[in-house]
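*Asks:* Input: one structure, supplied below.
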Amino acid sequence: MTGDTDLSPARLRHARYAIAAVFCTHGAVTGSFATRIPWIQEHAQLSAGTLGLALAAPAVGAALAMPLAGRINHRLGARTALRVLLSLWTLSLILPSLAPNLPALCFVLFVYGATAGMSDVAMNALGVETENRLGRSIMSSLHGMWSVGALLGSAAGTVAAHTGVDARPHHLVAALLLTACGLFAVQGVLDLRADQEAPAPAHFALPPKSALLIGAIGFCAVFAEGASLDWSAVYLRDVLHTDAGLAAASTTAFALTMAVARLVGDRVVDRFGAVRTVRAGGVVATLGGLLVVGVQHPAGALAGFGLIGLGIAVVVPLAFAAAGRSGPAPAQAIAGVATITYTSGLIAPSAIGAVADATSLVVSFGLVTLLTFALIAGAAVLRPGAPVGQAGDDLGGATAKAGSPGLDEPARTRP
């Protein structure tokens with residue numbers, strides 16, 4: 001590995017804060033877009049069904065583009081690749097509000113999703129490399145910062161929508177501001193480059209086998225996340241017959257416990273290890289699912305959705321971290337896990353609806369409960385095959401560097 005030679009505690013702390021700011025910026029783009037979807041729907045004159053079709057395009061774009069991220073990282077180096085990909089992602093926020101019709105919106109959302117996916121892989125790969133050098137878990141808090149960014153972006157978007165601001169100038173200003181923030185943040189991340197002798201990853205490669213089992217754990221967690229976010233309020237309204245305000249509180253309870261758990265999750269992982277943390281999270285999430293389907297009362301459902309959010313919060317960050325240590329091509333493995341989790345998030349809402357149409361929403365969340373239970377049985381795949389301190393030669397193809405503890409043993413040093 002060439003590039004950053006200063007790996008002092010102060011430099012590593014600075015790099016950690018910088019990559020956290022990158023995650024926050026990435027999340028803010030998503031929050032900014034999500035709050036203006038109604039405006040975009042009206043502007044493009046779309047029905048609910050055609051809007052749903054358009055909103056599938058980002059996941060398709062991300063799934064197809066993410067495998068390219070390893071090659072870009074190898075060619076440009078970690079910092080430059082992240083600078084380019086993050087800027088493309090923040091600037092892509094301008095596009096959706098300009099689309100006048102369904103075909104145009106599908107195309108721009110495909111581009112939006114492709115840039116989102118590639119920048120997502122680049123920042124997660126660099127987050128794993130930063131974690132490797134720190135010798136302690138940071139991935140949970142990084143994903144927590146993504147949630148903070150999404151919350152900030154959605155708050156600004158809510159204000160813009162409430163005051164009647166056109167989405168086009170809103171997204172233009174937001175995109176330029178977030179691009180500037182992203183470029184500033186990227187300056188502080190580790191500058192890692194491939195050794196000259198290291199072979200370049202394939203231009204487009206299928207996920208390695210090591211990523212498939214790890215991705216399956218991420219699939220279960222993201223399925224539960226997508227189902228809870230999209231259907232919890234409907235569950236309280238239609239199954240438990242609550243008013244709209246109380247129904248909306250279920251979504252808030254889920255999102256809040258998830259964000260808080262991610263922000264503090266690294267301490268738990270450092271203390272107990274990734275496998276035990278995910279197993280305990282699976283127990284908590286399964287208990288939450290049992291409350292949702294077994295206690296037919298609003299208080300039980302609210303507590304249940306909160307426990308699901310708490311239980312699954314750190315699973316995806318730990319899946320990315322495990323993928324980054326799973327073989328000789330960290331970025332390729334992370335891209336594979338990201339593709340699987342994106343797919344899960346895409347199919348979860350429609351799958352819950354299909355099961356509910358055939359049976360009931362109670363049965364749908366019974367399925368969610370089974371998937372959270374699978375976290376308990378499958379957590380062992382997150383056990384590091386090599387210590388966390390074994391860093392890759394580059395973010396697209398790696399060899400090891402020893403010296404830091406694995407995520408299933410407490411950190412011995414603190415920078």
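Chain labels run A, B, ... following the order of the structure tokens; each chain numbers its residues from 1, and ligands are numbered from 1 in the order shown.
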Name the residues in contact with region 80-86 of chain A at a cut-off of 10 Å, using only C-alpha atoms, excluding same-chain residues fewer than 2 positions from it; report them as a ChimeraX atom specification.

*Replies:* /A:22-23,25-26,69-78,88-92,114-123,125-126,178-179,182-187,189,191-193

*Asks:* Okay, now the selection with N, CA and C atoms, as a tab-separated table (two decimals), in the first residue's frame?

*Replies:*
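Final output, part_32.tsv:
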chain	number	residue	atom	x	y	z
A	22	VAL	N	-18.10	12.59	5.39
A	22	VAL	CA	-18.48	12.08	4.07
A	22	VAL	C	-19.78	11.30	4.16
A	23	PHE	N	-19.90	10.42	5.15
A	23	PHE	CA	-21.13	9.65	5.33
A	23	PHE	C	-22.32	10.59	5.58
A	25	THR	N	-22.66	13.69	4.57
A	25	THR	CA	-22.97	14.35	3.30
A	25	THR	C	-23.76	13.42	2.38
A	26	HIS	N	-23.35	12.17	2.30
A	26	HIS	CA	-24.03	11.20	1.45
A	26	HIS	C	-25.48	11.05	1.90
A	69	ALA	N	-16.91	0.07	-8.77
A	69	ALA	CA	-16.23	0.93	-7.82
A	69	ALA	C	-14.83	0.45	-7.48
A	70	GLY	N	-14.64	-0.87	-7.41
A	70	GLY	CA	-13.32	-1.40	-7.09
A	70	GLY	C	-12.28	-1.00	-8.13
A	71	ARG	N	-12.65	-1.07	-9.39
A	71	ARG	CA	-11.74	-0.69	-10.47
A	71	ARG	C	-11.39	0.79	-10.40
A	72	ILE	N	-12.40	1.62	-10.10
A	72	ILE	CA	-12.16	3.07	-10.00
A	72	ILE	C	-11.24	3.37	-8.83
A	73	ASN	N	-11.47	2.72	-7.70
A	73	ASN	CA	-10.60	2.91	-6.54
A	73	ASN	C	-9.16	2.52	-6.86
A	74	HIS	N	-9.00	1.40	-7.54
A	74	HIS	CA	-7.65	0.92	-7.87
A	74	HIS	C	-6.95	1.91	-8.81
A	75	ARG	N	-7.67	2.43	-9.76
A	75	ARG	CA	-7.05	3.29	-10.77
A	75	ARG	C	-6.73	4.68	-10.22
A	76	LEU	N	-7.62	5.25	-9.43
A	76	LEU	CA	-7.47	6.64	-9.00
A	76	LEU	C	-6.90	6.78	-7.59
A	77	GLY	N	-6.95	5.72	-6.79
A	77	GLY	CA	-6.60	5.86	-5.39
A	77	GLY	C	-7.84	6.21	-4.58
A	78	ALA	N	-7.81	5.88	-3.30
A	78	ALA	CA	-9.02	5.99	-2.48
A	78	ALA	C	-9.55	7.41	-2.39
A	88	LEU	N	-20.08	13.42	-8.01
A	88	LEU	CA	-21.10	13.01	-8.97
A	88	LEU	C	-22.43	12.74	-8.28
A	89	TRP	N	-22.37	12.14	-7.10
A	89	TRP	CA	-23.58	11.82	-6.36
A	89	TRP	C	-24.28	13.08	-5.87
A	90	THR	N	-23.53	14.01	-5.26
A	90	THR	CA	-24.17	15.23	-4.75
A	90	THR	C	-24.74	16.07	-5.90
A	91	LEU	N	-24.02	16.14	-7.02
A	91	LEU	CA	-24.51	16.94	-8.14
A	91	LEU	C	-25.70	16.27	-8.84
A	92	SER	N	-25.81	14.95	-8.73
A	92	SER	CA	-26.94	14.26	-9.36
A	92	SER	C	-28.27	14.63	-8.70
A	114	ALA	N	-26.93	5.07	-9.72
A	114	ALA	CA	-25.59	4.59	-10.06
A	114	ALA	C	-24.52	5.37	-9.31
A	115	THR	N	-24.64	6.69	-9.28
A	115	THR	CA	-23.66	7.49	-8.56
A	115	THR	C	-23.77	7.27	-7.06
A	116	ALA	N	-24.99	7.06	-6.58
A	116	ALA	CA	-25.17	6.76	-5.16
A	116	ALA	C	-24.47	5.46	-4.79
A	117	GLY	N	-24.66	4.42	-5.60
A	117	GLY	CA	-24.08	3.13	-5.29
A	117	GLY	C	-22.56	3.13	-5.33
A	118	MET	N	-21.98	3.74	-6.36
A	118	MET	CA	-20.52	3.75	-6.47
A	118	MET	C	-19.88	4.56	-5.35
A	119	SER	N	-20.46	5.71	-5.02
A	119	SER	CA	-19.91	6.50	-3.91
A	119	SER	C	-20.13	5.78	-2.58
A	120	ASP	N	-21.23	5.04	-2.46
A	120	ASP	CA	-21.49	4.26	-1.25
A	120	ASP	C	-20.40	3.21	-1.05
A	121	VAL	N	-20.05	2.49	-2.11
A	121	VAL	CA	-18.99	1.48	-2.01
A	121	VAL	C	-17.66	2.14	-1.66
A	122	ALA	N	-17.34	3.25	-2.33
A	122	ALA	CA	-16.06	3.92	-2.10
A	122	ALA	C	-15.93	4.39	-0.65
A	123	MET	N	-16.99	4.99	-0.10
A	123	MET	CA	-16.88	5.50	1.26
A	123	MET	C	-16.88	4.37	2.29
A	125	ALA	N	-15.68	1.30	1.73
A	125	ALA	CA	-14.37	0.67	1.63
A	125	ALA	C	-13.32	1.48	2.37
A	126	LEU	N	-13.37	2.80	2.22
A	126	LEU	CA	-12.40	3.64	2.92
A	126	LEU	C	-12.70	3.67	4.42
A	178	LEU	N	-23.78	20.76	-0.77
A	178	LEU	CA	-23.31	19.44	-0.35
A	178	LEU	C	-22.06	19.02	-1.12
A	179	THR	N	-21.93	19.45	-2.37
A	179	THR	CA	-20.70	19.18	-3.12
A	179	THR	C	-19.52	19.86	-2.46
A	182	GLY	N	-18.74	18.02	0.72
A	182	GLY	CA	-18.10	16.74	0.43
A	182	GLY	C	-16.64	16.90	0.03
A	183	LEU	N	-16.36	17.88	-0.83
A	183	LEU	CA	-14.98	18.11	-1.26
A	183	LEU	C	-14.10	18.50	-0.09
A	184	PHE	N	-14.63	19.30	0.81
A	184	PHE	CA	-13.87	19.69	2.00
A	184	PHE	C	-13.60	18.48	2.89
A	185	ALA	N	-14.63	17.65	3.10
A	185	ALA	CA	-14.47	16.48	3.96
A	185	ALA	C	-13.47	15.48	3.39
A	186	VAL	N	-13.52	15.26	2.08
A	186	VAL	CA	-12.66	14.26	1.45
A	186	VAL	C	-11.18	14.62	1.61
A	187	GLN	N	-10.87	15.91	1.74
A	187	GLN	CA	-9.48	16.31	1.90
A	187	GLN	C	-8.83	15.66	3.11
A	189	VAL	N	-9.58	12.54	4.44
A	189	VAL	CA	-9.60	11.08	4.52
A	189	VAL	C	-8.22	10.52	4.18
A	191	ASP	N	-5.33	8.82	2.22
A	191	ASP	CA	-5.02	8.76	0.79
A	191	ASP	C	-4.29	7.45	0.53
A	192	LEU	N	-5.05	6.42	0.18
A	192	LEU	CA	-4.51	5.08	-0.02
A	192	LEU	C	-4.48	4.74	-1.50
A	193	ARG	N	-3.37	4.15	-1.92
A	193	ARG	CA	-3.22	3.82	-3.33
A	193	ARG	C	-2.69	2.40	-3.47

*Asks:* Going by DSSP on the backbone, which bits of region 128-315 of chain A are helix (DSSP H, G or I)? Write them as a ChimeraX atom specification, please.

*Replies:* /A:128-134,139-162,167-186,209-239,244-272,274-294,298-312,315

*Asks:* Near Ile340 (chain A), counting only C-alpha atoms, which residues have an atom at most 9 Å away, once you skip same-chain residues fewer than 5 positions from it, shown as a PDB file with C-alpha atoms, in the first residue's frame?

*Replies:*
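Output saved as part16.pdb:
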ATOM      1  CA  ALA A  63     -26.861  -2.580  -8.435  1.00  0.00           C
ATOM      2  CA  LEU A 212     -22.717 -13.955  -0.375  1.00  0.00           C
ATOM      3  CA  GLY A 215     -24.758 -10.318   2.212  1.00  0.00           C
ATOM      4  CA  ALA A 216     -27.463 -12.751   3.340  1.00  0.00           C
ATOM      5  CA  GLY A 218     -27.409  -7.854   5.512  1.00  0.00           C
ATOM      6  CA  PHE A 219     -30.397  -8.923   3.405  1.00  0.00           C
ATOM      7  CA  ALA A 335     -19.906  -3.972  -3.613  1.00  0.00           C
ATOM      8  CA  GLY A 345     -34.452  -2.785   0.356  1.00  0.00           C
TER       9      GLY A 345
END

*Asks:* List as a ChimeraX atom specification the protein and nucleic acid residues near Ala156 (chain A), meaning an atom at most 10 Å away when only C-alpha atoms are counted, but skip any in the same chain fewer than 2 places from it.

*Replies:* /A:28,31-32,35,150-154,158-162,170,174

*Asks:* Generate the output file for the selected residues, N, CA and C atoms, as an mmCIF file, in the first residue's frame.

*Replies:*
data_model
loop_
_atom_site.group_PDB
_atom_site.id
_atom_site.type_symbol
_atom_site.label_atom_id
_atom_site.label_comp_id
_atom_site.auth_asym_id
_atom_site.auth_seq_id
_atom_site.Cartn_x
_atom_site.Cartn_y
_atom_site.Cartn_z
ATOM 1 N N ALA A 28 -27.296 13.200 3.504
ATOM 2 C CA ALA A 28 -28.058 14.431 3.304
ATOM 3 C C ALA A 28 -28.644 14.516 1.907
ATOM 4 N N GLY A 31 -31.825 12.422 2.024
ATOM 5 C CA GLY A 31 -32.889 13.126 2.740
ATOM 6 C C GLY A 31 -33.451 14.282 1.938
ATOM 7 N N SER A 32 -32.584 15.003 1.242
ATOM 8 C CA SER A 32 -33.034 16.139 0.430
ATOM 9 C C SER A 32 -33.947 15.687 -0.699
ATOM 10 N N THR A 35 -37.746 14.159 0.530
ATOM 11 C CA THR A 35 -38.800 15.081 0.948
ATOM 12 C C THR A 35 -39.483 15.775 -0.222
ATOM 13 N N ALA A 150 -29.123 12.202 6.637
ATOM 14 C CA ALA A 150 -30.447 12.038 6.034
ATOM 15 C C ALA A 150 -31.489 12.840 6.790
ATOM 16 N N LEU A 151 -31.359 12.869 8.109
ATOM 17 C CA LEU A 151 -32.290 13.643 8.925
ATOM 18 C C LEU A 151 -32.150 15.136 8.658
ATOM 19 N N LEU A 152 -30.908 15.618 8.542
ATOM 20 C CA LEU A 152 -30.682 17.041 8.265
ATOM 21 C C LEU A 152 -31.196 17.412 6.873
ATOM 22 N N GLY A 153 -30.917 16.559 5.891
ATOM 23 C CA GLY A 153 -31.394 16.836 4.543
ATOM 24 C C GLY A 153 -32.905 16.841 4.462
ATOM 25 N N SER A 154 -33.535 15.898 5.159
ATOM 26 C CA SER A 154 -34.996 15.846 5.129
ATOM 27 C C SER A 154 -35.613 17.011 5.891
ATOM 28 N N THR A 158 -38.115 19.513 4.227
ATOM 29 C CA THR A 158 -39.449 19.733 4.792
ATOM 30 C C THR A 158 -39.761 21.222 4.899
ATOM 31 N N VAL A 159 -38.766 22.000 5.336
ATOM 32 C CA VAL A 159 -38.950 23.452 5.424
ATOM 33 C C VAL A 159 -39.198 24.030 4.030
ATOM 34 N N ALA A 160 -38.414 23.588 3.049
ATOM 35 C CA ALA A 160 -38.581 24.093 1.678
ATOM 36 C C ALA A 160 -39.962 23.747 1.137
ATOM 37 N N ALA A 161 -40.394 22.518 1.361
ATOM 38 C CA ALA A 161 -41.710 22.113 0.876
ATOM 39 C C ALA A 161 -42.820 22.868 1.586
ATOM 40 N N HIS A 162 -42.669 23.053 2.902
ATOM 41 C CA HIS A 162 -43.704 23.735 3.686
ATOM 42 C C HIS A 162 -43.858 25.199 3.263
ATOM 43 N N HIS A 170 -34.314 24.597 -4.977
ATOM 44 C CA HIS A 170 -33.945 23.952 -3.712
ATOM 45 C C HIS A 170 -32.861 22.915 -3.933
ATOM 46 N N ALA A 174 -28.958 22.944 -2.720
ATOM 47 C CA ALA A 174 -28.531 21.843 -1.855
ATOM 48 C C ALA A 174 -27.383 21.065 -2.481
#

*Asks:* Set the distance at 7 Å and use only C-alpha atoms: which residues neighbour Val283 (chain A) once local chain neighbours fewer than 4 positions away are removed? I'd like the list as a PyMOL selection string.

*Replies:* chain A and resi 279+287+373+376

*Asks:* Restricted to all heavy atoms, what would the selected residues look like written as a PDB file, in the first residue's frame?

*Replies:*
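File written: selection21.pdb
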ATOM      1  N   ARG A 279     -25.839 -11.284  17.323  1.00  0.00           N
ATOM      2  CA  ARG A 279     -26.727 -12.267  17.932  1.00  0.00           C
ATOM      3  C   ARG A 279     -27.653 -11.622  18.951  1.00  0.00           C
ATOM      4  O   ARG A 279     -28.862 -11.894  18.972  1.00  0.00           O
ATOM      5  CB  ARG A 279     -25.908 -13.376  18.597  1.00  0.00           C
ATOM      6  CG  ARG A 279     -25.372 -14.392  17.602  1.00  0.00           C
ATOM      7  CD  ARG A 279     -24.569 -15.473  18.284  1.00  0.00           C
ATOM      8  NE  ARG A 279     -24.135 -16.468  17.309  1.00  0.00           N
ATOM      9  CZ  ARG A 279     -23.069 -17.231  17.462  1.00  0.00           C
ATOM     10  NH1 ARG A 279     -22.299 -17.118  18.543  1.00  0.00           N
ATOM     11  NH2 ARG A 279     -22.757 -18.120  16.530  1.00  0.00           N
ATOM     12  N   LEU A 287     -37.653 -10.277  19.478  1.00  0.00           N
ATOM     13  CA  LEU A 287     -38.599  -9.929  20.543  1.00  0.00           C
ATOM     14  C   LEU A 287     -39.522  -8.806  20.087  1.00  0.00           C
ATOM     15  O   LEU A 287     -40.738  -8.836  20.331  1.00  0.00           O
ATOM     16  CB  LEU A 287     -37.833  -9.509  21.804  1.00  0.00           C
ATOM     17  CG  LEU A 287     -38.682  -9.021  22.986  1.00  0.00           C
ATOM     18  CD1 LEU A 287     -39.652 -10.102  23.457  1.00  0.00           C
ATOM     19  CD2 LEU A 287     -37.790  -8.568  24.135  1.00  0.00           C
ATOM     20  N   PHE A 373     -34.893 -13.473  13.340  1.00  0.00           N
ATOM     21  CA  PHE A 373     -34.401 -14.661  14.048  1.00  0.00           C
ATOM     22  C   PHE A 373     -33.214 -15.273  13.315  1.00  0.00           C
ATOM     23  O   PHE A 373     -32.293 -15.818  13.945  1.00  0.00           O
ATOM     24  CB  PHE A 373     -35.525 -15.696  14.191  1.00  0.00           C
ATOM     25  CG  PHE A 373     -35.119 -16.923  14.952  1.00  0.00           C
ATOM     26  CD1 PHE A 373     -35.052 -16.902  16.340  1.00  0.00           C
ATOM     27  CD2 PHE A 373     -34.797 -18.091  14.283  1.00  0.00           C
ATOM     28  CE1 PHE A 373     -34.664 -18.021  17.045  1.00  0.00           C
ATOM     29  CE2 PHE A 373     -34.409 -19.225  14.981  1.00  0.00           C
ATOM     30  CZ  PHE A 373     -34.343 -19.192  16.371  1.00  0.00           C
ATOM     31  N   ILE A 376     -29.704 -14.383  14.447  1.00  0.00           N
ATOM     32  CA  ILE A 376     -29.118 -15.100  15.578  1.00  0.00           C
ATOM     33  C   ILE A 376     -28.321 -16.299  15.064  1.00  0.00           C
ATOM     34  O   ILE A 376     -27.181 -16.535  15.488  1.00  0.00           O
ATOM     35  CB  ILE A 376     -30.214 -15.569  16.554  1.00  0.00           C
ATOM     36  CG1 ILE A 376     -31.071 -14.381  17.009  1.00  0.00           C
ATOM     37  CG2 ILE A 376     -29.605 -16.278  17.758  1.00  0.00           C
ATOM     38  CD1 ILE A 376     -32.306 -14.787  17.797  1.00  0.00           C
TER      39      ILE A 376
END

*Asks:* I'd like the neighbourhood of region 42-49 of chain A as a list in words, where a residue qualifies if any of its atoms comes within 8 Å (using only C-alpha atoms), though same-chain residues fewer than 4 positions away should be ignored.

*Replies:*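 So, after excluding close chain neighbours, the residues are Pro38, Leu53, Ser97, Ala99, Pro100, Asn101, Leu102 and Leu105 of chain A.
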
*Asks:* With N, CA and C atoms retained, write the just-selected residues as a CSV table (one decimal), in the first residue's frame.

*Replies:*
chain,number,residue,atom,x,y,z
A,38,PRO,N,-43.0,14.2,-3.6
A,38,PRO,CA,-44.4,14.6,-4.0
A,38,PRO,C,-44.3,15.7,-5.0
A,53,LEU,N,-42.8,2.8,-10.2
A,53,LEU,CA,-41.9,2.3,-11.2
A,53,LEU,C,-40.6,3.1,-11.3
A,97,SER,N,-35.6,16.7,-10.2
A,97,SER,CA,-36.6,17.7,-10.3
A,97,SER,C,-36.7,18.4,-11.7
A,99,ALA,N,-36.8,16.5,-14.5
A,99,ALA,CA,-37.4,15.5,-15.4
A,99,ALA,C,-38.9,15.9,-15.7
A,100,PRO,N,-39.3,16.0,-16.9
A,100,PRO,CA,-40.7,16.4,-17.2
A,100,PRO,C,-41.7,15.3,-17.4
A,101,ASN,N,-41.2,14.0,-17.5
A,101,ASN,CA,-42.1,12.9,-17.7
A,101,ASN,C,-41.5,11.6,-17.1
A,102,LEU,N,-42.2,10.5,-17.3
A,102,LEU,CA,-41.8,9.3,-16.7
A,102,LEU,C,-40.5,8.8,-17.3
A,105,LEU,N,-37.6,10.8,-16.0
A,105,LEU,CA,-37.4,10.6,-14.6
A,105,LEU,C,-36.7,9.2,-14.3

*Asks:* Separation of CA of Ala227 (chain A) and CA of Ala348 (chain A), in Å?

*Replies:*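 Pair CA of Ala227 (chain A) / CA of Ala348 (chain A) returns 5.7 Å.
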
*Asks:* One number please: CA of Ile37 (chain A) to CA of Glu225 (chain A), in Å, one decimal.

*Replies:*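 Between CA of Ile37 (chain A) and CA of Glu225 (chain A) the gap is 20.3 Å.
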
*Asks:* Looking at A:Arg36, A:Arg11, A:His143, A:His241, which one is nearest to Ala261 (chain A), with distances taken over only C-alpha atoms?

*Replies:*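 Nearest candidate to Ala261 (chain A) out of A:Arg36, A:Arg11, A:His143, A:His241: A:His143.
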
*Asks:* Quick one: residues within 10 Å of Phe254 (chain A), only C-alpha atoms, excluding same-chain residues fewer than 2 positions away - as an NGL selection string?

*Replies:* :A and (225 or 228-229 or 232 or 249-252 or 256-259 or 302-310 or 313)

*Asks:* Mind writing the picked residues with all heavy atoms as a CSV table (one decimal), in the first residue's frame?

*Replies:*
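Here's the written file out-v1.csv:
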chain,number,residue,atom,x,y,z
A,225,GLU,N,-35.7,-3.6,8.0
A,225,GLU,CA,-35.7,-2.2,8.0
A,225,GLU,C,-36.7,-1.6,7.0
A,225,GLU,O,-37.5,-0.7,7.3
A,225,GLU,CB,-34.3,-1.7,7.6
A,225,GLU,CG,-34.2,-0.1,7.6
A,225,GLU,CD,-32.8,0.3,7.2
A,225,GLU,OE1,-31.9,-0.5,7.1
A,225,GLU,OE2,-32.6,1.5,7.0
A,228,SER,N,-40.3,-2.2,8.1
A,228,SER,CA,-40.8,-1.4,9.2
A,228,SER,C,-40.9,0.0,8.8
A,228,SER,O,-41.9,0.7,9.3
A,228,SER,CB,-39.7,-1.6,10.3
A,228,SER,OG,-39.6,-2.9,10.8
A,229,LEU,N,-40.0,0.6,8.1
A,229,LEU,CA,-40.1,2.0,7.7
A,229,LEU,C,-41.4,2.2,6.9
A,229,LEU,O,-42.1,3.2,7.0
A,229,LEU,CB,-38.9,2.4,6.9
A,229,LEU,CG,-37.6,2.8,7.8
A,229,LEU,CD1,-36.4,3.0,6.9
A,229,LEU,CD2,-37.9,4.0,8.7
A,232,SER,N,-44.9,0.2,9.0
A,232,SER,CA,-45.3,0.3,10.4
A,232,SER,C,-46.5,1.1,10.7
A,232,SER,O,-47.4,0.8,11.4
A,232,SER,CB,-44.1,0.8,11.3
A,232,SER,OG,-43.6,2.0,10.8
A,249,ALA,N,-46.1,7.8,14.7
A,249,ALA,CA,-45.2,7.6,15.7
A,249,ALA,C,-44.4,6.3,15.7
A,249,ALA,O,-43.3,6.2,16.2
A,249,ALA,CB,-45.9,7.8,17.1
A,250,SER,N,-45.0,5.3,15.1
A,250,SER,CA,-44.3,4.0,15.0
A,250,SER,C,-43.1,4.1,14.1
A,250,SER,O,-42.0,3.5,14.4
A,250,SER,CB,-45.3,2.9,14.5
A,250,SER,OG,-45.7,3.2,13.2
A,251,THR,N,-43.2,4.8,13.0
A,251,THR,CA,-42.1,5.1,12.1
A,251,THR,C,-41.0,5.9,12.8
A,251,THR,O,-39.8,5.6,12.7
A,251,THR,CB,-42.5,5.8,10.8
A,251,THR,OG1,-43.6,5.0,10.2
A,251,THR,CG2,-41.4,5.9,9.9
A,252,THR,N,-41.4,6.9,13.6
A,252,THR,CA,-40.5,7.7,14.3
A,252,THR,C,-39.7,6.9,15.3
A,252,THR,O,-38.5,7.0,15.5
A,252,THR,CB,-41.2,8.9,15.0
A,252,THR,OG1,-41.9,9.6,14.0
A,252,THR,CG2,-40.2,9.7,15.8
A,256,LEU,N,-35.7,6.4,15.2
A,256,LEU,CA,-35.0,7.0,16.2
A,256,LEU,C,-34.1,6.0,16.9
A,256,LEU,O,-32.9,6.2,17.2
A,256,LEU,CB,-35.9,7.7,17.2
A,256,LEU,CG,-35.3,8.4,18.4
A,256,LEU,CD1,-34.4,9.5,17.9
A,256,LEU,CD2,-36.3,8.9,19.4
A,257,THR,N,-34.7,4.8,17.3
A,257,THR,CA,-33.9,3.8,18.0
A,257,THR,C,-32.8,3.3,17.1
A,257,THR,O,-31.6,3.0,17.5
A,257,THR,CB,-34.7,2.6,18.4
A,257,THR,OG1,-35.4,2.1,17.3
A,257,THR,CG2,-35.8,3.0,19.4
A,258,MET,N,-33.0,3.2,15.8
A,258,MET,CA,-32.0,2.8,14.9
A,258,MET,C,-30.8,3.8,14.8
A,258,MET,O,-29.7,3.4,14.8
A,258,MET,CB,-32.6,2.6,13.5
A,258,MET,CG,-31.7,1.9,12.5
A,258,MET,SD,-32.5,1.4,11.0
A,258,MET,CE,-31.7,0.0,10.6
A,259,ALA,N,-31.1,5.0,14.7
A,259,ALA,CA,-30.1,6.0,14.6
A,259,ALA,C,-29.2,6.1,15.8
A,259,ALA,O,-28.0,6.2,15.8
A,259,ALA,CB,-30.7,7.4,14.2
A,302,LEU,N,-45.8,-0.2,19.1
A,302,LEU,CA,-44.8,0.9,19.2
A,302,LEU,C,-43.5,0.4,19.8
A,302,LEU,O,-42.4,0.6,19.3
A,302,LEU,CB,-45.3,2.0,20.0
A,302,LEU,CG,-46.4,2.9,19.3
A,302,LEU,CD1,-47.0,3.9,20.3
A,302,LEU,CD2,-45.8,3.7,18.1
A,303,ALA,N,-43.6,-0.4,20.9
A,303,ALA,CA,-42.4,-0.9,21.5
A,303,ALA,C,-41.7,-1.9,20.6
A,303,ALA,O,-40.5,-2.0,20.5
A,303,ALA,CB,-42.8,-1.6,22.9
A,304,GLY,N,-42.5,-2.7,19.9
A,304,GLY,CA,-42.0,-3.7,19.0
A,304,GLY,C,-41.2,-3.1,17.9
A,304,GLY,O,-40.1,-3.6,17.6
A,305,PHE,N,-41.7,-2.1,17.2
A,305,PHE,CA,-41.0,-1.5,16.1
A,305,PHE,C,-39.7,-0.8,16.6
A,305,PHE,O,-38.7,-0.8,15.9
A,305,PHE,CB,-41.9,-0.5,15.4
A,305,PHE,CG,-42.9,-1.2,14.5
A,305,PHE,CD1,-44.3,-1.0,14.7
A,305,PHE,CD2,-42.5,-2.0,13.4
A,305,PHE,CE1,-45.2,-1.6,13.9
A,305,PHE,CE2,-43.4,-2.6,12.6
A,305,PHE,CZ,-44.8,-2.4,12.8
A,306,GLY,N,-39.8,-0.2,17.8
A,306,GLY,CA,-38.6,0.4,18.4
A,306,GLY,C,-37.5,-0.7,18.6
A,306,GLY,O,-36.3,-0.4,18.3
A,307,LEU,N,-37.9,-1.8,19.1
A,307,LEU,CA,-36.9,-2.9,19.4
A,307,LEU,C,-36.4,-3.5,18.1
A,307,LEU,O,-35.2,-3.9,18.0
A,307,LEU,CB,-37.6,-4.0,20.2
A,307,LEU,CG,-37.9,-3.7,21.7
A,307,LEU,CD1,-38.7,-4.8,22.3
A,307,LEU,CD2,-36.6,-3.4,22.4
A,308,ILE,N,-37.2,-3.6,17.0
A,308,ILE,CA,-36.7,-4.0,15.7
A,308,ILE,C,-35.6,-3.1,15.3
A,308,ILE,O,-34.5,-3.5,14.8
A,308,ILE,CB,-37.8,-4.1,14.7
A,308,ILE,CG1,-38.8,-5.3,15.1
A,308,ILE,CG2,-37.2,-4.4,13.3
A,308,ILE,CD1,-40.0,-5.3,14.2
A,309,GLY,N,-35.9,-1.8,15.3
A,309,GLY,CA,-34.8,-0.8,14.9
A,309,GLY,C,-33.6,-0.9,15.8
A,309,GLY,O,-32.5,-0.8,15.2
A,310,LEU,N,-33.7,-1.1,17.1
A,310,LEU,CA,-32.6,-1.2,17.9
A,310,LEU,C,-31.8,-2.5,17.6
A,310,LEU,O,-30.5,-2.5,17.6
A,310,LEU,CB,-33.1,-1.3,19.4
A,310,LEU,CG,-32.0,-1.4,20.5
A,310,LEU,CD1,-31.2,-0.2,20.5
A,310,LEU,CD2,-32.7,-1.6,21.8
A,313,ALA,N,-29.9,-2.4,14.0
A,313,ALA,CA,-29.2,-1.1,13.6
A,313,ALA,C,-27.7,-1.3,13.2
A,313,ALA,O,-27.3,-0.7,12.2
A,313,ALA,CB,-29.2,-0.2,14.8

*Asks:* Could you give me, as CSV, every region 113-232 of chain A residue with an atom at most 6 Å from region 317-324 of chain A, plus its closest atom pair and distance in Å to one decimal, counting only C-alpha atoms, rows ordered by chain then number?

*Replies:*
residue,atom,partner,partner_atom,distance
A:Val128,CA,A:Ala321,CA,5.6
A:Met139,CA,A:Pro317,CA,5.2
A:Ser140,CA,A:Pro317,CA,5.2
A:Ala211,CA,A:Ala323,CA,5.9
A:Ile214,CA,A:Ala319,CA,5.9

*Asks:* Do you have the CA of Ile217 (chain A)-CA of Val278 (chain A) distance handy?

*Replies:*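 Atom-to-atom, CA of Ile217 (chain A) to CA of Val278 (chain A), that is 9.6 Å.
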